[in-house]
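Below is one structure, written out as structure tokens; the observations come after it.
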Amino acid sequence: MITEATAIKSQKEDDMIVYRGMDKATLDLAYDCTLTVPDFGNDYVAMKQRSAEVYQKYEHKANLSYAPNKRNTFDLFPSNQAGAPTYIFIHGGYWQGCEKEDFAYIAEGPLSKGFNVILFEYTIAPEGTMSQIVTELYQCLDYLSSNAAALGLTKGKICLSGHSAGGHLTLMGKDHSFVSHAFPLSALVELEPISLCFLNDKLSLTPEEIILHSPIRHTRVGVPMAIYVGGYELAELIRHSEEYYMRMKALGNTVTAYSRCKQHNHFSLLDELSPEGDITKDLVELMKQ
């Protein structure tokens with residue numbers, strides 16, 4: 001039973017400053033990416049339709065298993081060129097939504113430049129914890145490395161990339177020995193604010209997970225990378241990319257591009273993975289490092 005005293009206590013808790021001068025309600029809004037898109041529902045339907053067309057248009061192998069769980073699968077779009085580089089894409093959805101099939105449309109740009117494209121799937125929250133999701137990424141990379149020849153993948157030419165939560169996982173997986181380059185897109189690099197807003201309802205992040213799985217807390221020189229974020233994104237998401245870029249540059253890491261795409265929001269940013277898109281062009285340049 002909710003009493004008046006309970007309601008007042010709850011309201012006081014909501015009004016408390018929880019992160020960087022924001023109360024809980026403000027922090028919730030700071031991470032609600034759909035607020036930057038006038039008609040997100042229709043845009044998402046259009047994205048899925050574009051992806052369905054890509055599956056029809058290009059040769060691919062769907063739902064190849066890398067581990068036993070239901071969502072431990074990946075799709076492979078082969079370039080059929082000897083020695084081709086590989087672009088591994090990790091979808092977003094705040095670790096608790098979306099499917100790899102929703103984002104197959106991003107494959108067209110890399111495919112047009114002679115890349116193999118892999119779409120990685122993982123167990124989302126609440127079924128999958130953050131620690132499990134990161135473990136599954138490493139399981140997939142282990143599998144791809146062990147089966148590279150059979151899959152037509154060339155070691156030393158492997159770019160790990162992902163969008164939003166997928167960008168976070170990109171930075172968690174970039175130190176795997178199979179990965180030669182990294183390309184995070186609108187990456188989330190600090191889990192503390194995630195643990196304090198509505199996103200934690202399903203994630204249930206532990207204090208240990210916040211420390212272990214926040215990329216900004218474990219920066220060190222590693223593989224060459226490029227970093228992108230939309231100019232019309234929420235300020236918090238822009239901050240994540242900018243702070244990570246500044247940290248990596250200060251360490252002396254090779255960062256071939258840092259771009260805040262002025263014309264794009266959180267979701268339209270992926271349109272730059274088209275055959276003539278800026279992300280695709282910078283992907284090609286990144287792989288020369």
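By convention in this document, the chains of the structure tokens carry letters A, B, ... by their order, each chain's residues are numbered from 1, and ligands are numbered from 1 in the order they are shown.
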Contacts of stretch 147-241 of chain A with stretch 251-260 of chain A up to 8 Å, shortest pair per row, only C-alpha atoms, as a tab-separated table:
residue	atom	partner	partner_atom	distance
A:Arg220	CA	A:Leu251	CA	6.8
A:Val221	CA	A:Asn253	CA	4.9
A:Gly222	CA	A:Asn253	CA	6.4
A:Val223	CA	A:Thr254	CA	7.3
A:Pro224	CA	A:Thr254	CA	4.8
A:Met225	CA	A:Val255	CA	4.9
A:Ala226	CA	A:Ala257	CA	4.7
A:Ile227	CA	A:Tyr258	CA	4.8
A:Tyr228	CA	A:Ser259	CA	4.9
A:Val229	CA	A:Arg260	CA	5.0
A:Gly230	CA	A:Arg260	CA	5.3
A:Gly231	CA	A:Arg260	CA	5.1
A:Ile238	CA	A:Arg260	CA	8.0
inquiry  = Please list as a ChimeraX atom specification every residue within 8 Å of stretch 169-178 of chain A, counting only C-alpha atoms and excluding residues in the same chain fewer than 4 positions away.
reply    = /A:90,134,137-138,141-142,145,155-156,158,160-162,165,182-184,189,213,215,222-223
Distance query A:Leu153 at most 12 Å, only C-alpha atoms, self and fewer than 3 positions along chain excluded, as JSON, numbers by chain = {"A": [76, 77, 78, 79, 80, 81, 82, 83, 84, 85, 86, 87, 88, 115, 116, 117, 118, 141, 143, 144, 145, 146, 147, 148, 149, 150, 156, 157, 158, 159, 178, 179]}
Next, dump the selected residues to file, keeping only N, CA and C atoms, as a tab-separated table (two decimals), in the first residue's frame.
chain	number	residue	atom	x	y	z
A	76	LEU	N	26.95	-14.10	-41.75
A	76	LEU	CA	28.14	-13.79	-42.54
A	76	LEU	C	27.75	-13.44	-43.97
A	77	PHE	N	28.15	-12.25	-44.40
A	77	PHE	CA	28.02	-11.82	-45.79
A	77	PHE	C	29.43	-11.84	-46.39
A	78	PRO	N	29.77	-12.87	-47.17
A	78	PRO	CA	31.14	-12.98	-47.68
A	78	PRO	C	31.39	-12.08	-48.89
A	79	SER	N	32.59	-11.58	-48.98
A	79	SER	CA	32.96	-10.77	-50.14
A	79	SER	C	33.40	-11.65	-51.31
A	80	ASN	N	33.81	-12.89	-50.98
A	80	ASN	CA	34.32	-13.83	-51.99
A	80	ASN	C	35.57	-13.31	-52.68
A	81	GLN	N	36.32	-12.47	-51.97
A	81	GLN	CA	37.61	-12.01	-52.48
A	81	GLN	C	38.71	-12.51	-51.55
A	82	ALA	N	39.75	-13.10	-52.13
A	82	ALA	CA	40.86	-13.60	-51.32
A	82	ALA	C	41.52	-12.46	-50.56
A	83	GLY	N	41.80	-12.70	-49.29
A	83	GLY	CA	42.47	-11.70	-48.48
A	83	GLY	C	41.62	-10.51	-48.10
A	84	ALA	N	40.31	-10.61	-48.24
A	84	ALA	CA	39.43	-9.48	-47.93
A	84	ALA	C	39.44	-9.14	-46.45
A	85	PRO	N	39.32	-7.84	-46.11
A	85	PRO	CA	39.15	-7.46	-44.70
A	85	PRO	C	37.74	-7.83	-44.24
A	86	THR	N	37.53	-7.84	-42.94
A	86	THR	CA	36.23	-8.20	-42.37
A	86	THR	C	35.74	-7.12	-41.42
A	87	TYR	N	34.47	-6.77	-41.57
A	87	TYR	CA	33.82	-5.78	-40.71
A	87	TYR	C	32.81	-6.52	-39.84
A	88	ILE	N	33.06	-6.56	-38.53
A	88	ILE	CA	32.14	-7.21	-37.58
A	88	ILE	C	31.30	-6.12	-36.92
A	115	PHE	N	34.67	-5.81	-48.33
A	115	PHE	CA	34.75	-6.40	-47.00
A	115	PHE	C	33.82	-7.61	-46.88
A	116	ASN	N	34.22	-8.58	-46.08
A	116	ASN	CA	33.25	-9.51	-45.51
A	116	ASN	C	32.52	-8.74	-44.42
A	117	VAL	N	31.26	-9.08	-44.17
A	117	VAL	CA	30.52	-8.45	-43.09
A	117	VAL	C	29.93	-9.52	-42.20
A	118	ILE	N	30.12	-9.36	-40.90
A	118	ILE	CA	29.55	-10.26	-39.91
A	118	ILE	C	28.65	-9.46	-38.98
A	141	LEU	N	34.40	-14.08	-30.85
A	141	LEU	CA	35.70	-13.75	-31.43
A	141	LEU	C	36.64	-14.95	-31.39
A	143	TYR	N	35.67	-18.06	-31.57
A	143	TYR	CA	35.17	-18.96	-32.61
A	143	TYR	C	35.61	-18.49	-34.00
A	144	LEU	N	35.46	-17.20	-34.26
A	144	LEU	CA	35.85	-16.68	-35.57
A	144	LEU	C	37.34	-16.86	-35.81
A	145	SER	N	38.13	-16.65	-34.78
A	145	SER	CA	39.57	-16.82	-34.91
A	145	SER	C	39.93	-18.27	-35.21
A	146	SER	N	39.31	-19.19	-34.49
A	146	SER	CA	39.61	-20.61	-34.67
A	146	SER	C	39.14	-21.14	-36.01
A	147	ASN	N	38.11	-20.50	-36.58
A	147	ASN	CA	37.52	-20.98	-37.83
A	147	ASN	C	37.71	-19.98	-38.98
A	148	ALA	N	38.70	-19.13	-38.84
A	148	ALA	CA	38.91	-18.06	-39.83
A	148	ALA	C	39.08	-18.61	-41.24
A	149	ALA	N	39.92	-19.60	-41.41
A	149	ALA	CA	40.18	-20.13	-42.75
A	149	ALA	C	38.92	-20.69	-43.38
A	150	ALA	N	38.16	-21.46	-42.61
A	150	ALA	CA	36.93	-22.07	-43.13
A	150	ALA	C	35.89	-21.01	-43.49
A	156	GLY	N	44.42	-10.30	-39.11
A	156	GLY	CA	45.16	-9.06	-39.31
A	156	GLY	C	44.37	-8.02	-40.05
A	157	LYS	N	43.17	-8.40	-40.54
A	157	LYS	CA	42.30	-7.47	-41.26
A	157	LYS	C	40.88	-7.57	-40.71
A	158	ILE	N	40.77	-7.42	-39.40
A	158	ILE	CA	39.49	-7.62	-38.72
A	158	ILE	C	39.11	-6.34	-37.97
A	159	CYS	N	38.07	-5.67	-38.43
A	159	CYS	CA	37.60	-4.45	-37.76
A	159	CYS	C	36.36	-4.76	-36.94
A	178	PHE	N	42.17	-11.42	-32.02
A	178	PHE	CA	41.66	-11.54	-33.38
A	178	PHE	C	41.36	-10.19	-34.01
A	179	VAL	N	41.19	-9.16	-33.18
A	179	VAL	CA	40.78	-7.82	-33.65
A	179	VAL	C	42.01	-7.00	-34.01
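By only C-alpha atoms, and with residues fewer than 4 positions from A:Val54 along its chain excluded, the set lying at most 8 Å from it is Arg50, Tyr58, Ala104, Tyr105, Ala107 and Glu108 of chain A.
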Write out the residues from the selection above, keeping C-alpha atoms, as a PDB file, in the first residue's frame.
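Writing the result to result-v2.pdb gives the following:
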ATOM      1  CA  ARG A  50      15.950  -2.070 -45.737  1.00  0.00           C
ATOM      2  CA  TYR A  58      23.357 -10.459 -51.078  1.00  0.00           C
ATOM      3  CA  ALA A 104      21.637  -5.782 -41.916  1.00  0.00           C
ATOM      4  CA  TYR A 105      21.276  -2.658 -44.068  1.00  0.00           C
ATOM      5  CA  ALA A 107      26.332  -4.240 -44.637  1.00  0.00           C
ATOM      6  CA  GLU A 108      25.962  -2.557 -48.016  1.00  0.00           C
TER       7      GLU A 108
END
message = Applying 10 Å and only C-alpha atoms, which residues near A:Ile279 remain after dropping the ones on its own chain fewer than 2 positions away? List them as a PyMOL selection string.
response = chain A and resi 109-110+183+185+226-228+257+259+261+269-277+281-285
message = For the structure I just gave you, how does DSSP split stretch 52-247 of chain A - specifically, which residues are alpha helix (DSSP H)? Reply as a PyMOL selection string.
response = chain A and resi 52-57+108-112+130-146+148-151+165-173+192-195+200-203+207-212+235-247
Keeping C-alpha atoms, export the residues of the selection given above as a JSON list (two decimals), in the first residue's frame.
[["chain", "number", "residue", "atom", "x", "y", "z"],
["A", 52, "ALA", "CA", 15.19, -7.49, -45.27],
["A", 53, "GLU", "CA", 16.09, -6.29, -48.75],
["A", 54, "VAL", "CA", 19.80, -6.73, -48.02],
["A", 55, "TYR", "CA", 19.22, -10.37, -47.05],
["A", 56, "GLN", "CA", 17.43, -10.88, -50.36],
["A", 57, "LYS", "CA", 20.07, -9.05, -52.40],
["A", 108, "GLU", "CA", 25.96, -2.56, -48.02],
["A", 109, "GLY", "CA", 28.73, 0.00, -47.52],
["A", 110, "PRO", "CA", 31.47, -2.38, -46.39],
["A", 111, "LEU", "CA", 30.38, -5.01, -48.94],
["A", 112, "SER", "CA", 30.72, -2.43, -51.72],
["A", 130, "MET", "CA", 26.42, -7.44, -18.73],
["A", 131, "SER", "CA", 29.14, -9.90, -17.78],
["A", 132, "GLN", "CA", 27.48, -12.63, -19.83],
["A", 133, "ILE", "CA", 27.12, -10.35, -22.85],
["A", 134, "VAL", "CA", 30.81, -9.42, -22.76],
["A", 135, "THR", "CA", 31.73, -13.11, -22.34],
["A", 136, "GLU", "CA", 29.61, -14.01, -25.36],
["A", 137, "LEU", "CA", 31.42, -11.43, -27.47],
["A", 138, "TYR", "CA", 34.73, -13.05, -26.58],
["A", 139, "GLN", "CA", 33.27, -16.48, -27.29],
["A", 140, "CYS", "CA", 32.29, -15.29, -30.76],
["A", 141, "LEU", "CA", 35.70, -13.75, -31.43],
["A", 142, "ASP", "CA", 37.37, -16.96, -30.24],
["A", 143, "TYR", "CA", 35.17, -18.96, -32.61],
["A", 144, "LEU", "CA", 35.85, -16.68, -35.57],
["A", 145, "SER", "CA", 39.57, -16.82, -34.91],
["A", 146, "SER", "CA", 39.61, -20.61, -34.67],
["A", 148, "ALA", "CA", 38.91, -18.06, -39.83],
["A", 149, "ALA", "CA", 40.18, -20.13, -42.75],
["A", 150, "ALA", "CA", 36.93, -22.07, -43.13],
["A", 151, "LEU", "CA", 34.92, -18.83, -43.01],
["A", 165, "ALA", "CA", 25.57, -0.47, -26.78],
["A", 166, "GLY", "CA", 27.33, -2.20, -29.67],
["A", 167, "GLY", "CA", 29.92, 0.58, -29.56],
["A", 168, "HIS", "CA", 30.45, -0.19, -25.88],
["A", 169, "LEU", "CA", 30.98, -3.86, -26.72],
["A", 170, "THR", "CA", 33.37, -2.86, -29.49],
["A", 171, "LEU", "CA", 35.57, -1.16, -26.92],
["A", 172, "MET", "CA", 35.25, -4.12, -24.57],
["A", 173, "GLY", "CA", 36.36, -6.50, -27.32],
["A", 192, "GLU", "CA", 27.77, 4.45, -13.91],
["A", 193, "PRO", "CA", 25.06, 6.73, -15.39],
["A", 194, "ILE", "CA", 23.47, 3.69, -17.03],
["A", 195, "SER", "CA", 23.18, 2.09, -13.59],
["A", 200, "ASN", "CA", 19.17, -0.38, -15.27],
["A", 201, "ASP", "CA", 15.68, -1.79, -14.68],
["A", 202, "LYS", "CA", 16.58, -4.75, -16.89],
["A", 203, "LEU", "CA", 20.37, -4.63, -16.71],
["A", 207, "PRO", "CA", 29.16, -2.38, -8.71],
["A", 208, "GLU", "CA", 31.75, -4.86, -9.96],
["A", 209, "GLU", "CA", 30.30, -4.82, -13.49],
["A", 210, "ILE", "CA", 30.35, -1.02, -13.59],
["A", 211, "ILE", "CA", 34.06, -1.07, -12.84],
["A", 212, "LEU", "CA", 35.01, -4.05, -15.03],
["A", 235, "ALA", "CA", 24.55, 15.63, -25.04],
["A", 236, "GLU", "CA", 25.41, 12.69, -22.79],
["A", 237, "LEU", "CA", 26.09, 10.39, -25.74],
["A", 238, "ILE", "CA", 28.26, 12.99, -27.44],
["A", 239, "ARG", "CA", 30.18, 13.36, -24.18],
["A", 240, "HIS", "CA", 30.91, 9.63, -24.05],
["A", 241, "SER", "CA", 32.53, 9.63, -27.50],
["A", 242, "GLU", "CA", 34.38, 12.90, -26.98],
["A", 243, "GLU", "CA", 35.87, 11.92, -23.62],
["A", 244, "TYR", "CA", 36.95, 8.54, -24.95],
["A", 245, "TYR", "CA", 38.55, 10.13, -28.01],
["A", 246, "MET", "CA", 40.45, 12.65, -25.88],
["A", 247, "ARG", "CA", 41.66, 9.92, -23.53]]
